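Here is the file data_36.cif (mmCIF, C-alpha atoms and all ligand atoms).
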```cif
data_input
loop_
_atom_site.group_PDB
_atom_site.id
_atom_site.type_symbol
_atom_site.label_atom_id
_atom_site.label_comp_id
_atom_site.auth_asym_id
_atom_site.auth_seq_id
_atom_site.Cartn_x
_atom_site.Cartn_y
_atom_site.Cartn_z
ATOM 1 C CA MET X 1 -24.031 -56.360 -22.948
ATOM 2 C CA PRO X 2 -22.145 -53.706 -24.946
ATOM 3 C CA THR X 3 -21.500 -54.378 -28.615
ATOM 4 C CA VAL X 4 -18.030 -54.347 -30.185
ATOM 5 C CA LEU X 5 -17.538 -53.712 -33.909
ATOM 6 C CA ILE X 6 -14.306 -55.247 -35.225
ATOM 7 C CA LEU X 7 -13.158 -53.899 -38.609
ATOM 8 C CA GLY X 8 -10.906 -56.392 -40.361
ATOM 9 C CA ALA X 9 -12.237 -59.204 -38.188
ATOM 10 C CA GLY X 10 -10.585 -62.021 -40.144
ATOM 11 C CA SER X 11 -7.058 -61.044 -39.146
ATOM 12 C CA ASP X 12 -5.210 -63.223 -36.648
ATOM 13 C CA MET X 13 -5.059 -60.357 -34.178
ATOM 14 C CA ALA X 14 -8.755 -59.573 -34.634
ATOM 15 C CA VAL X 15 -9.781 -63.201 -34.068
ATOM 16 C CA ALA X 16 -7.889 -63.161 -30.758
ATOM 17 C CA VAL X 17 -9.537 -59.835 -29.830
ATOM 18 C CA ALA X 18 -12.977 -61.207 -30.762
ATOM 19 C CA ARG X 19 -12.429 -64.285 -28.581
ATOM 20 C CA LYS X 20 -11.287 -62.150 -25.637
ATOM 21 C CA PHE X 21 -14.317 -59.835 -25.760
ATOM 22 C CA ALA X 22 -16.745 -62.732 -26.427
ATOM 23 C CA LYS X 23 -15.355 -64.537 -23.378
ATOM 24 C CA GLN X 24 -16.218 -61.415 -21.368
ATOM 25 C CA LYS X 25 -19.775 -61.615 -22.826
ATOM 26 C CA TYR X 26 -19.611 -58.652 -25.202
ATOM 27 C CA ASP X 27 -21.775 -58.926 -28.324
ATOM 28 C CA LEU X 28 -19.787 -58.717 -31.530
ATOM 29 C CA GLN X 29 -20.073 -57.375 -35.066
ATOM 30 C CA LEU X 30 -17.408 -58.990 -37.230
ATOM 31 C CA ALA X 31 -16.712 -56.889 -40.325
ATOM 32 C CA GLY X 32 -14.428 -57.894 -43.170
ATOM 33 C CA ARG X 33 -14.051 -58.898 -46.788
ATOM 34 C CA ASN X 34 -14.362 -62.656 -46.337
ATOM 35 C CA VAL X 35 -17.863 -63.023 -44.900
ATOM 36 C CA SER X 36 -17.973 -66.822 -45.183
ATOM 37 C CA LEU X 37 -14.856 -67.037 -42.986
ATOM 38 C CA LEU X 38 -16.443 -64.594 -40.540
ATOM 39 C CA GLU X 39 -19.650 -66.662 -40.486
ATOM 40 C CA ALA X 40 -17.598 -69.645 -39.287
ATOM 41 C CA LEU X 41 -15.995 -67.508 -36.553
ATOM 42 C CA LYS X 42 -19.432 -66.136 -35.620
ATOM 43 C CA ASN X 43 -20.883 -69.641 -35.205
ATOM 44 C CA ASP X 44 -17.916 -70.709 -33.109
ATOM 45 C CA LEU X 45 -18.211 -67.664 -30.797
ATOM 46 C CA ASN X 46 -21.982 -68.069 -30.501
ATOM 47 C CA ILE X 47 -21.667 -71.710 -29.448
ATOM 48 C CA ARG X 48 -18.626 -71.261 -27.241
ATOM 49 C CA TYR X 49 -19.606 -68.095 -25.375
ATOM 50 C CA GLY X 50 -23.357 -67.658 -26.011
ATOM 51 C CA VAL X 51 -22.992 -64.054 -27.222
ATOM 52 C CA ASN X 52 -24.842 -62.329 -30.063
ATOM 53 C CA THR X 53 -22.492 -62.147 -33.021
ATOM 54 C CA GLU X 54 -23.051 -61.073 -36.598
ATOM 55 C CA ALA X 55 -20.805 -61.131 -39.659
ATOM 56 C CA VAL X 56 -20.968 -58.179 -42.038
ATOM 57 C CA ALA X 57 -19.247 -57.336 -45.325
ATOM 58 C CA PHE X 58 -16.744 -54.475 -45.146
ATOM 59 C CA ASP X 59 -13.994 -53.334 -47.510
ATOM 60 C CA ALA X 60 -11.659 -50.618 -46.206
ATOM 61 C CA LEU X 61 -10.830 -49.540 -49.765
ATOM 62 C CA ASP X 62 -14.461 -49.029 -50.790
ATOM 63 C CA PHE X 63 -14.604 -45.563 -49.219
ATOM 64 C CA ALA X 64 -17.969 -44.692 -50.796
ATOM 65 C CA SER X 65 -19.611 -47.623 -48.984
ATOM 66 C CA HIS X 66 -18.503 -46.672 -45.478
ATOM 67 C CA THR X 67 -21.383 -44.417 -44.444
ATOM 68 C CA GLY X 68 -23.916 -46.936 -45.799
ATOM 69 C CA PHE X 69 -22.091 -49.789 -44.074
ATOM 70 C CA TYR X 70 -22.276 -48.047 -40.683
ATOM 71 C CA ASN X 71 -25.864 -46.886 -41.127
ATOM 72 C CA SER X 72 -26.921 -50.441 -42.010
ATOM 73 C CA LEU X 73 -25.785 -51.822 -38.652
ATOM 74 C CA ALA X 74 -29.010 -52.589 -36.764
ATOM 75 C CA VAL X 75 -27.293 -51.981 -33.430
ATOM 76 C CA LYS X 76 -24.706 -49.234 -33.271
ATOM 77 C CA PRO X 77 -21.522 -50.475 -31.550
ATOM 78 C CA ASP X 78 -20.419 -49.139 -28.161
ATOM 79 C CA ILE X 79 -16.813 -49.925 -29.031
ATOM 80 C CA THR X 80 -15.217 -49.887 -32.496
ATOM 81 C CA ILE X 81 -11.868 -51.593 -33.017
ATOM 82 C CA CYS X 82 -10.085 -50.857 -36.297
ATOM 83 C CA VAL X 83 -7.727 -53.778 -36.936
ATOM 84 C CA PHE X 84 -7.358 -54.138 -40.703
ATOM 85 C CA GLY X 85 -4.005 -53.381 -42.282
ATOM 86 C CA TYR X 86 -1.740 -54.302 -45.169
ATOM 87 C CA LEU X 87 2.039 -54.645 -44.906
ATOM 88 C CA GLY X 88 2.463 -55.033 -48.655
ATOM 89 C CA ASP X 89 5.693 -55.244 -50.606
ATOM 90 C CA GLN X 90 7.956 -52.230 -50.011
ATOM 91 C CA GLU X 91 10.237 -52.876 -53.001
ATOM 92 C CA LYS X 92 7.311 -53.445 -55.340
ATOM 93 C CA GLY X 93 5.617 -50.323 -54.036
ATOM 94 C CA GLN X 94 8.688 -48.193 -54.792
ATOM 95 C CA ALA X 95 8.192 -48.816 -58.512
ATOM 96 C CA ASP X 96 4.507 -49.717 -58.741
ATOM 97 C CA TRP X 97 1.960 -47.103 -57.694
ATOM 98 C CA THR X 98 -0.856 -49.680 -57.489
ATOM 99 C CA GLU X 99 0.995 -51.481 -54.683
ATOM 100 C CA ALA X 100 2.039 -48.217 -52.993
ATOM 101 C CA ALA X 101 -1.536 -46.891 -53.106
ATOM 102 C CA ARG X 102 -2.902 -50.125 -51.660
ATOM 103 C CA ILE X 103 -0.484 -49.869 -48.733
ATOM 104 C CA LEU X 104 -1.251 -46.187 -48.112
ATOM 105 C CA HIS X 105 -5.018 -46.458 -48.571
ATOM 106 C CA THR X 106 -5.507 -49.622 -46.523
ATOM 107 C CA ASN X 107 -3.473 -48.428 -43.546
ATOM 108 C CA TYR X 108 -4.399 -44.735 -43.617
ATOM 109 C CA THR X 109 -7.149 -43.449 -45.920
ATOM 110 C CA GLY X 110 -9.441 -46.456 -45.389
ATOM 111 C CA ALA X 111 -9.101 -46.231 -41.627
ATOM 112 C CA VAL X 112 -9.739 -42.474 -41.642
ATOM 113 C CA SER X 113 -12.740 -42.899 -43.935
ATOM 114 C CA ILE X 114 -14.584 -45.400 -41.714
ATOM 115 C CA LEU X 115 -13.512 -43.898 -38.373
ATOM 116 C CA ASN X 116 -14.720 -40.456 -39.467
ATOM 117 C CA VAL X 117 -18.202 -41.986 -39.803
ATOM 118 C CA VAL X 118 -18.009 -43.749 -36.431
ATOM 119 C CA ALA X 119 -16.628 -40.605 -34.770
ATOM 120 C CA GLU X 120 -19.552 -38.466 -35.967
ATOM 121 C CA ASP X 121 -22.017 -40.916 -34.409
ATOM 122 C CA TYR X 122 -20.111 -41.135 -31.122
ATOM 123 C CA ALA X 123 -19.649 -37.354 -30.939
ATOM 124 C CA ALA X 124 -23.401 -36.796 -31.449
ATOM 125 C CA LYS X 125 -24.252 -39.400 -28.763
ATOM 126 C CA LYS X 126 -21.472 -38.170 -26.481
ATOM 127 C CA GLN X 127 -20.375 -41.749 -25.806
ATOM 128 C CA GLY X 128 -18.388 -44.541 -27.367
ATOM 129 C CA LEU X 129 -14.863 -45.866 -27.526
ATOM 130 C CA ILE X 130 -12.624 -46.185 -30.582
ATOM 131 C CA VAL X 131 -9.538 -48.397 -30.734
ATOM 132 C CA GLY X 132 -7.061 -48.034 -33.617
ATOM 133 C CA ILE X 133 -4.334 -50.600 -34.267
ATOM 134 C CA SER X 134 -1.386 -48.653 -35.646
ATOM 135 C CA SER X 135 2.242 -49.818 -35.472
ATOM 136 C CA VAL X 136 5.650 -48.968 -34.081
ATOM 137 C CA ALA X 137 6.662 -48.917 -37.770
ATOM 138 C CA GLY X 138 4.997 -45.483 -37.869
ATOM 139 C CA GLU X 139 7.439 -43.981 -35.379
ATOM 140 C CA ARG X 140 10.494 -43.819 -37.609
ATOM 141 C CA GLY X 141 10.780 -44.440 -41.350
ATOM 142 C CA ARG X 142 13.037 -47.334 -42.301
ATOM 143 C CA GLN X 143 14.160 -48.393 -45.774
ATOM 144 C CA SER X 144 12.554 -51.834 -45.446
ATOM 145 C CA ASN X 145 8.980 -50.633 -44.897
ATOM 146 C CA TYR X 146 8.594 -46.856 -45.111
ATOM 147 C CA LEU X 147 5.460 -46.977 -47.279
ATOM 148 C CA TYR X 148 3.650 -48.999 -44.609
ATOM 149 C CA GLY X 149 5.383 -47.027 -41.847
ATOM 150 C CA SER X 150 4.418 -43.646 -43.252
ATOM 151 C CA ALA X 151 0.756 -44.707 -43.523
ATOM 152 C CA LYS X 152 0.826 -45.943 -39.918
ATOM 153 C CA ALA X 153 2.503 -42.668 -38.855
ATOM 154 C CA GLY X 154 -0.425 -40.828 -40.411
ATOM 155 C CA PHE X 155 -2.878 -43.131 -38.667
ATOM 156 C CA THR X 156 -1.159 -42.626 -35.289
ATOM 157 C CA ALA X 157 -1.385 -38.840 -35.724
ATOM 158 C CA TYR X 158 -5.036 -39.145 -36.793
ATOM 159 C CA LEU X 159 -5.876 -41.164 -33.663
ATOM 160 C CA SER X 160 -4.095 -38.618 -31.469
ATOM 161 C CA GLY X 161 -6.059 -35.757 -32.993
ATOM 162 C CA LEU X 162 -9.315 -37.691 -32.801
ATOM 163 C CA ARG X 163 -8.691 -38.429 -29.101
ATOM 164 C CA ASN X 164 -8.027 -34.750 -28.456
ATOM 165 C CA ARG X 165 -11.227 -33.727 -30.279
ATOM 166 C CA LEU X 166 -13.547 -36.407 -28.852
ATOM 167 C CA PHE X 167 -12.311 -36.096 -25.271
ATOM 168 C CA HIS X 168 -14.481 -32.989 -25.023
ATOM 169 C CA GLN X 169 -17.532 -35.059 -26.037
ATOM 170 C CA GLY X 170 -16.883 -37.867 -23.550
ATOM 171 C CA VAL X 171 -15.656 -40.259 -26.248
ATOM 172 C CA HIS X 172 -12.438 -42.181 -25.681
ATOM 173 C CA VAL X 173 -9.810 -43.129 -28.283
ATOM 174 C CA LEU X 174 -7.132 -45.775 -27.630
ATOM 175 C CA SER X 175 -4.055 -46.051 -29.886
ATOM 176 C CA VAL X 176 -2.393 -49.460 -29.987
ATOM 177 C CA GLN X 177 1.257 -49.695 -31.084
ATOM 178 C CA PRO X 178 2.183 -53.334 -31.593
ATOM 179 C CA GLY X 179 5.790 -54.323 -32.147
ATOM 180 C CA PHE X 180 6.313 -57.707 -33.822
ATOM 181 C CA VAL X 181 3.296 -60.032 -33.661
ATOM 182 C CA ALA X 182 3.263 -63.606 -34.998
ATOM 183 C CA THR X 183 0.405 -63.482 -37.525
ATOM 184 C CA ARG X 184 -0.317 -64.149 -41.202
ATOM 185 C CA MET X 185 1.147 -60.691 -41.919
ATOM 186 C CA THR X 186 4.580 -61.637 -40.629
ATOM 187 C CA GLU X 187 4.687 -65.388 -41.352
ATOM 188 C CA ASN X 188 7.401 -64.946 -44.007
ATOM 189 C CA LEU X 189 9.609 -62.754 -41.812
ATOM 190 C CA GLN X 190 12.320 -63.928 -39.406
ATOM 191 C CA LEU X 191 11.108 -62.390 -36.146
ATOM 192 C CA PRO X 192 13.172 -62.409 -32.935
ATOM 193 C CA GLY X 193 11.276 -64.689 -30.544
ATOM 194 C CA LEU X 194 11.714 -62.611 -27.377
ATOM 195 C CA LEU X 195 10.449 -59.431 -29.042
ATOM 196 C CA THR X 196 7.475 -61.091 -30.736
ATOM 197 C CA ALA X 197 3.999 -61.202 -29.194
ATOM 198 C CA LYS X 198 1.293 -63.769 -29.794
ATOM 199 C CA PRO X 199 -2.070 -62.384 -31.014
ATOM 200 C CA GLU X 200 -3.618 -63.536 -27.704
ATOM 201 C CA GLN X 201 -1.172 -61.357 -25.723
ATOM 202 C CA VAL X 202 -2.081 -58.364 -27.886
ATOM 203 C CA ALA X 203 -5.786 -59.083 -27.337
ATOM 204 C CA GLU X 204 -5.247 -59.281 -23.574
ATOM 205 C CA ASP X 205 -3.391 -55.934 -23.594
ATOM 206 C CA ILE X 206 -6.141 -54.301 -25.679
ATOM 207 C CA TYR X 207 -8.893 -55.613 -23.413
ATOM 208 C CA LYS X 208 -7.129 -54.304 -20.287
ATOM 209 C CA ALA X 209 -6.400 -50.938 -21.930
ATOM 210 C CA VAL X 210 -10.052 -50.528 -22.975
ATOM 211 C CA ASN X 211 -11.179 -51.125 -19.400
ATOM 212 C CA LYS X 212 -8.574 -48.765 -17.967
ATOM 213 C CA LYS X 213 -9.304 -46.156 -20.660
ATOM 214 C CA LYS X 214 -5.620 -45.905 -21.570
ATOM 215 C CA ASN X 215 -4.673 -43.446 -24.306
ATOM 216 C CA THR X 216 -1.748 -45.292 -25.901
ATOM 217 C CA ILE X 217 -0.323 -48.743 -25.362
ATOM 218 C CA TYR X 218 2.657 -50.591 -26.729
ATOM 219 C CA THR X 219 2.399 -54.358 -27.012
ATOM 220 C CA LYS X 220 4.628 -55.997 -25.859
ATOM 221 C CA TRP X 221 5.035 -53.167 -23.315
ATOM 222 C CA PHE X 222 8.832 -52.825 -23.740
ATOM 223 C CA TRP X 223 8.394 -51.589 -27.331
ATOM 224 C CA ARG X 224 7.762 -48.148 -25.819
ATOM 225 C CA TYR X 225 11.402 -48.124 -24.658
ATOM 226 C CA ILE X 226 12.795 -49.778 -27.789
ATOM 227 C CA MET X 227 11.150 -47.027 -29.836
ATOM 228 C CA LEU X 228 12.481 -44.321 -27.500
ATOM 229 C CA ILE X 229 15.991 -45.604 -28.247
ATOM 230 C CA ILE X 230 15.347 -45.936 -31.996
ATOM 231 C CA LYS X 231 13.886 -42.411 -32.157
ATOM 232 C CA SER X 232 16.867 -40.977 -30.290
ATOM 233 C CA VAL X 233 19.448 -42.144 -32.874
ATOM 234 C CA PRO X 234 20.613 -38.999 -34.731
ATOM 235 C CA GLU X 235 19.541 -38.858 -38.364
ATOM 236 C CA PHE X 236 23.148 -38.654 -39.666
ATOM 237 C CA MET X 237 23.745 -42.085 -38.065
ATOM 238 C CA PHE X 238 20.293 -43.545 -38.694
ATOM 239 C CA LYS X 239 20.498 -43.031 -42.455
ATOM 240 C CA LYS X 240 23.598 -45.248 -42.616
ATOM 241 C CA LEU X 241 21.920 -48.226 -40.912
ATOM 242 C CA LYS X 242 20.420 -51.130 -42.855
ATOM 243 C CA LEU X 243 17.037 -51.354 -41.169
HETATM 244 N N1 LIG X 301 1.722 -58.598 -37.255
HETATM 245 C C1 LIG X 301 2.510 -57.613 -36.844
HETATM 246 O O1 LIG X 301 3.704 -57.814 -36.572
HETATM 247 C C2 LIG X 301 1.956 -56.221 -36.685
HETATM 248 C C3 LIG X 301 2.770 -55.266 -36.058
HETATM 249 C C4 LIG X 301 2.277 -53.971 -35.885
HETATM 250 C C5 LIG X 301 1.018 -53.648 -36.318
HETATM 251 N N2 LIG X 301 0.238 -54.598 -36.931
HETATM 252 C C6 LIG X 301 -1.097 -54.210 -37.366
HETATM 253 O O2 LIG X 301 -2.042 -55.030 -36.697
HETATM 254 C C7 LIG X 301 -3.219 -55.143 -37.483
HETATM 255 C C8 LIG X 301 -3.602 -56.597 -37.630
HETATM 256 O O3 LIG X 301 -2.585 -57.240 -38.368
HETATM 257 P P1 LIG X 301 -2.322 -58.817 -38.377
HETATM 258 O O4 LIG X 301 -0.905 -58.984 -38.049
HETATM 259 O O5 LIG X 301 -3.359 -59.536 -37.594
HETATM 260 O O6 LIG X 301 -2.440 -59.075 -39.929
HETATM 261 P P2 LIG X 301 -3.242 -60.072 -40.853
HETATM 262 O O7 LIG X 301 -3.542 -61.353 -40.155
HETATM 263 O O8 LIG X 301 -2.476 -60.077 -42.131
HETATM 264 O O9 LIG X 301 -4.597 -59.307 -41.083
HETATM 265 C C9 LIG X 301 -4.783 -58.192 -41.869
HETATM 266 C C10 LIG X 301 -6.283 -58.052 -41.994
HETATM 267 O O10 LIG X 301 -6.574 -56.848 -42.686
HETATM 268 C C11 LIG X 301 -7.623 -57.152 -43.562
HETATM 269 N N3 LIG X 301 -7.682 -56.255 -44.695
HETATM 270 C C12 LIG X 301 -6.698 -55.952 -45.576
HETATM 271 N N4 LIG X 301 -7.174 -55.144 -46.529
HETATM 272 C C13 LIG X 301 -8.489 -54.935 -46.232
HETATM 273 C C14 LIG X 301 -9.522 -54.205 -46.841
HETATM 274 N N5 LIG X 301 -9.318 -53.507 -47.979
HETATM 275 N N6 LIG X 301 -10.741 -54.209 -46.275
HETATM 276 C C15 LIG X 301 -10.971 -54.905 -45.145
HETATM 277 N N7 LIG X 301 -10.039 -55.642 -44.514
HETATM 278 C C16 LIG X 301 -8.805 -55.649 -45.066
HETATM 279 C C17 LIG X 301 -7.362 -58.572 -44.039
HETATM 280 O O11 LIG X 301 -8.554 -59.067 -44.567
HETATM 281 P P3 LIG X 301 -8.702 -60.491 -45.291
HETATM 282 O O12 LIG X 301 -8.883 -61.467 -44.141
HETATM 283 O O13 LIG X 301 -9.912 -60.326 -46.137
HETATM 284 O O14 LIG X 301 -7.425 -60.704 -46.053
HETATM 285 C C18 LIG X 301 -6.917 -59.220 -42.761
HETATM 286 O O15 LIG X 301 -8.017 -59.704 -42.040
HETATM 287 C C19 LIG X 301 -2.915 -54.447 -38.803
HETATM 288 O O16 LIG X 301 -3.415 -53.134 -38.776
HETATM 289 C C20 LIG X 301 -1.390 -54.415 -38.828
HETATM 290 O O17 LIG X 301 -0.910 -53.370 -39.643
HETATM 291 C C21 LIG X 301 0.690 -55.880 -37.119
#
```
Starting from the coordinates I provided, produce the structure as structure tokens.
Ligand SMILES: NC(=O)c1ccc[n+]([C@@H]2O[C@H](COP(=O)([O-])OP(=O)(O)OC[C@H]3O[C@@H](n4cnc5c(N)ncnc54)[C@H](OP(=O)(O)O)[C@@H]3O)[C@@H](O)[C@H]2O)c1
Amino acid sequence: MPTVLILGAGSDMAVAVARKFAKQKYDLQLAGRNVSLLEALKNDLNIRYGVNTEAVAFDALDFASHTGFYNSLAVKPDITICVFGYLGDQEKGQADWTEAARILHTNYTGAVSILNVVAEDYAAKKQGLIVGISSVAGERGRQSNYLYGSAKAGFTAYLSGLRNRLFHQGVHVLSVQPGFVATRMTENLQLPGLLTAKPEQVAEDIYKAVNKKKNTIYTKWFWRYIMLIIKSVPEFMFKKLKL
């Protein structure tokens, strides 16, 4: 079966994605900072679905390690799903560069650093599929999370350019734009129930989109239209809103 590399595999969304692909008998490479947690997930997936799974150490902020990390994978993945992210503390980041840099580097630079390595391999082989989890927060800057949003905006643009480049080599790139998702990242936020997806719904949408070779998906689907409305608000009005 094809192998899926999940970067940031300990996240709630990634666990749901791993379960979905394991259920469909894909082999998995679970990459993240907390390898002991990933070992537990690996054992569970092995027993439950009988797929080959390995847990590997990966830190998105350790840019210098990324080429070595990818080269050390015994089997090169057919599909790479970049899930890691960091919402961070917007107010803290406004005054504290360490926090701002962590937000920017986790959501943008780290993702670009590792996906550049994966992209070179896929381009040379003329096959492969890359999935990037960005965010609707990247579509319009808001006062409550523009550090995170601006990094996701950069990541969305990166994925678009990568898709355009790799299309000519037979490599596919899928951009995923989640709206609200009930995970560890958002557990302290008051999210509107109807607009909020469960990680399992996001995983289902990603799995379907991979199989249909979609370019961009919103999950839940109606976020595409919510963002169309939000993007159409004129700037002179938008700047007055408390968002
Ligand atoms: N939840 C939402 O409402 C929402 C909405 C839109 C987009 N997203 C995006 O969806 C993705 C998954 O988020 P989630 O909601 O599932 O969040 P989550 O449960 O908080 O997971 C974030 C993951 O990123 C990993 N991570 C952070 N810094 C890392 C680093 N330097 N190196 C490697 N891994 C690192 C964390 O690793 P550890 O396990 O080691 O902490 C964690 O597994 C993220 O890209 C997020 O920005 C989420």
One-decimal distance in Å that lies between CA of Thr156 (chain X) and atom N3 of ligand LIG 301 (chain X):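 Those two atoms sit 17.8 Å apart.
Between CA of Gln24 (chain X) and CA of Thr3 (chain X) there is a distance of 11.4 Å.
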Residues in the PyMOL selection byres (((not hetatm)) within 7 of (chain X and resi 301)), expressed as a PyMOL selection string: chain X and resi 7-14+32-34+58-61+83-87+106-107+133-137+177-186
Point-to-point distance from CA of Asp44 (chain X) to CA of Ser72 (chain X), Å rounded to tenths: 23.9 Å
Selection: 9 Å around region 124-131 of chain X, all atoms listed in the file, excl. self and same-chain fewer than 4 positions, as a PyMOL selection string: chain X and resi 77-83+115+118-120+159+163+166+168-176+206+210+213
Restrict the selected residues to C-alpha atoms and save them as a compact mmCIF listing (two decimals), in the frame of the given file.
```
# COMPACT_ATOMS: atom_id res chain seq x y z
CA PRO X 77 -21.52 -50.48 -31.55
CA ASP X 78 -20.42 -49.14 -28.16
CA ILE X 79 -16.81 -49.92 -29.03
CA THR X 80 -15.22 -49.89 -32.50
CA ILE X 81 -11.87 -51.59 -33.02
CA CYS X 82 -10.09 -50.86 -36.30
CA VAL X 83 -7.73 -53.78 -36.94
CA LEU X 115 -13.51 -43.90 -38.37
CA VAL X 118 -18.01 -43.75 -36.43
CA ALA X 119 -16.63 -40.60 -34.77
CA GLU X 120 -19.55 -38.47 -35.97
CA LEU X 159 -5.88 -41.16 -33.66
CA ARG X 163 -8.69 -38.43 -29.10
CA LEU X 166 -13.55 -36.41 -28.85
CA HIS X 168 -14.48 -32.99 -25.02
CA GLN X 169 -17.53 -35.06 -26.04
CA GLY X 170 -16.88 -37.87 -23.55
CA VAL X 171 -15.66 -40.26 -26.25
CA HIS X 172 -12.44 -42.18 -25.68
CA VAL X 173 -9.81 -43.13 -28.28
CA LEU X 174 -7.13 -45.78 -27.63
CA SER X 175 -4.06 -46.05 -29.89
CA VAL X 176 -2.39 -49.46 -29.99
CA ILE X 206 -6.14 -54.30 -25.68
CA VAL X 210 -10.05 -50.53 -22.98
CA LYS X 213 -9.30 -46.16 -20.66
```
Resolved residues for the PyMOL selection byres (((chain X and resi 18) around 9) and not hetatm) as an MDAnalysis selection string: chainID X and resid 4 6 9 13:17 19:23 28 30 45 203
Residue with smallest distance to Ala57 (chain X) - pool X:Ala111, X:Ala31, X:Ala209, X:Leu37, counting all atoms listed in the file: X:Ala31
Picked residues, the PyMOL selection byres (((chain X and resi 205) around 9) and not hetatm), expected as a ChimeraX atom specification: /X:200-204,206-210,217-221
Residues near Lys92 (chain X), cut-off 12 Å, all atoms listed in the file, skip fewer than 5 positions along chain, as number ranges by chain: X: 87, 97-103, 144-145, 147
Write a file of the selected residues as a compact mmCIF listing (two decimals), keeping the file's coordinate frame, keeping C-alpha atoms.
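Printed below is part_11.txt as written:
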```txt
# COMPACT_ATOMS: atom_id res chain seq x y z
CA LEU X 87 2.04 -54.64 -44.91
CA TRP X 97 1.96 -47.10 -57.69
CA THR X 98 -0.86 -49.68 -57.49
CA GLU X 99 1.00 -51.48 -54.68
CA ALA X 100 2.04 -48.22 -52.99
CA ALA X 101 -1.54 -46.89 -53.11
CA ARG X 102 -2.90 -50.12 -51.66
CA ILE X 103 -0.48 -49.87 -48.73
CA SER X 144 12.55 -51.83 -45.45
CA ASN X 145 8.98 -50.63 -44.90
CA LEU X 147 5.46 -46.98 -47.28
```
Among the residues X:Lys212, X:Gly110, X:Asp27, X:Ile230, the one that comes closest to Tyr49 (chain X) [using only C-alpha atoms]: X:Asp27
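Checking X:Lys152, X:Lys25, X:Lys42, X:Arg140 one by one against Lys239 (chain X), counting all atoms listed in the file, you find the shortest gap at X:Arg140.
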Give the padded box for region 170-177 of chain X as lines of an AutoDock Vina configuration file: axis-aligned, covering all atoms listed in the file, 8 Å on each side, centre and edge lengths in Å to one decimal.
```
center_x = -7.8
center_y = -43.8
center_z = -27.3
size_x = 34.1
size_y = 27.8
size_z = 23.5
```
Of the listed residues X:Gly161, X:His66, X:Tyr108, X:Trp223, that which approaches Leu195 (chain X) most closely, counting only C-alpha atoms: X:Trp223
From X:Asn52, X:Thr196, X:Asn43, X:Thr67, residue lying nearest Val117 (chain X) [all atoms listed in the file]: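 Under the stated criterion, the closest residue is X:Thr67.
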Nearest residue to Ala123 (chain X) from the set X:Arg165, X:Ala55, X:Leu104, X:Ala151 (distances using only C-alpha atoms):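 Smallest separation from Ala123 (chain X) among the options: X:Arg165.
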Excluding same-chain residues fewer than 5 positions from Val75 (chain X), what lies within 10 Å of it counting only C-alpha atoms, as a PDB file with C-alpha atoms, in the frame of the given file?
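Output below, filename result_35.pdb:
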```pdb
ATOM      1  CA  THR X   3     -21.500 -54.378 -28.615  1.00  0.00           C
ATOM      2  CA  LEU X   5     -17.538 -53.712 -33.909  1.00  0.00           C
ATOM      3  CA  GLN X  29     -20.073 -57.375 -35.066  1.00  0.00           C
ATOM      4  CA  TYR X  70     -22.276 -48.047 -40.683  1.00  0.00           C
TER       5      TYR X  70
END
```
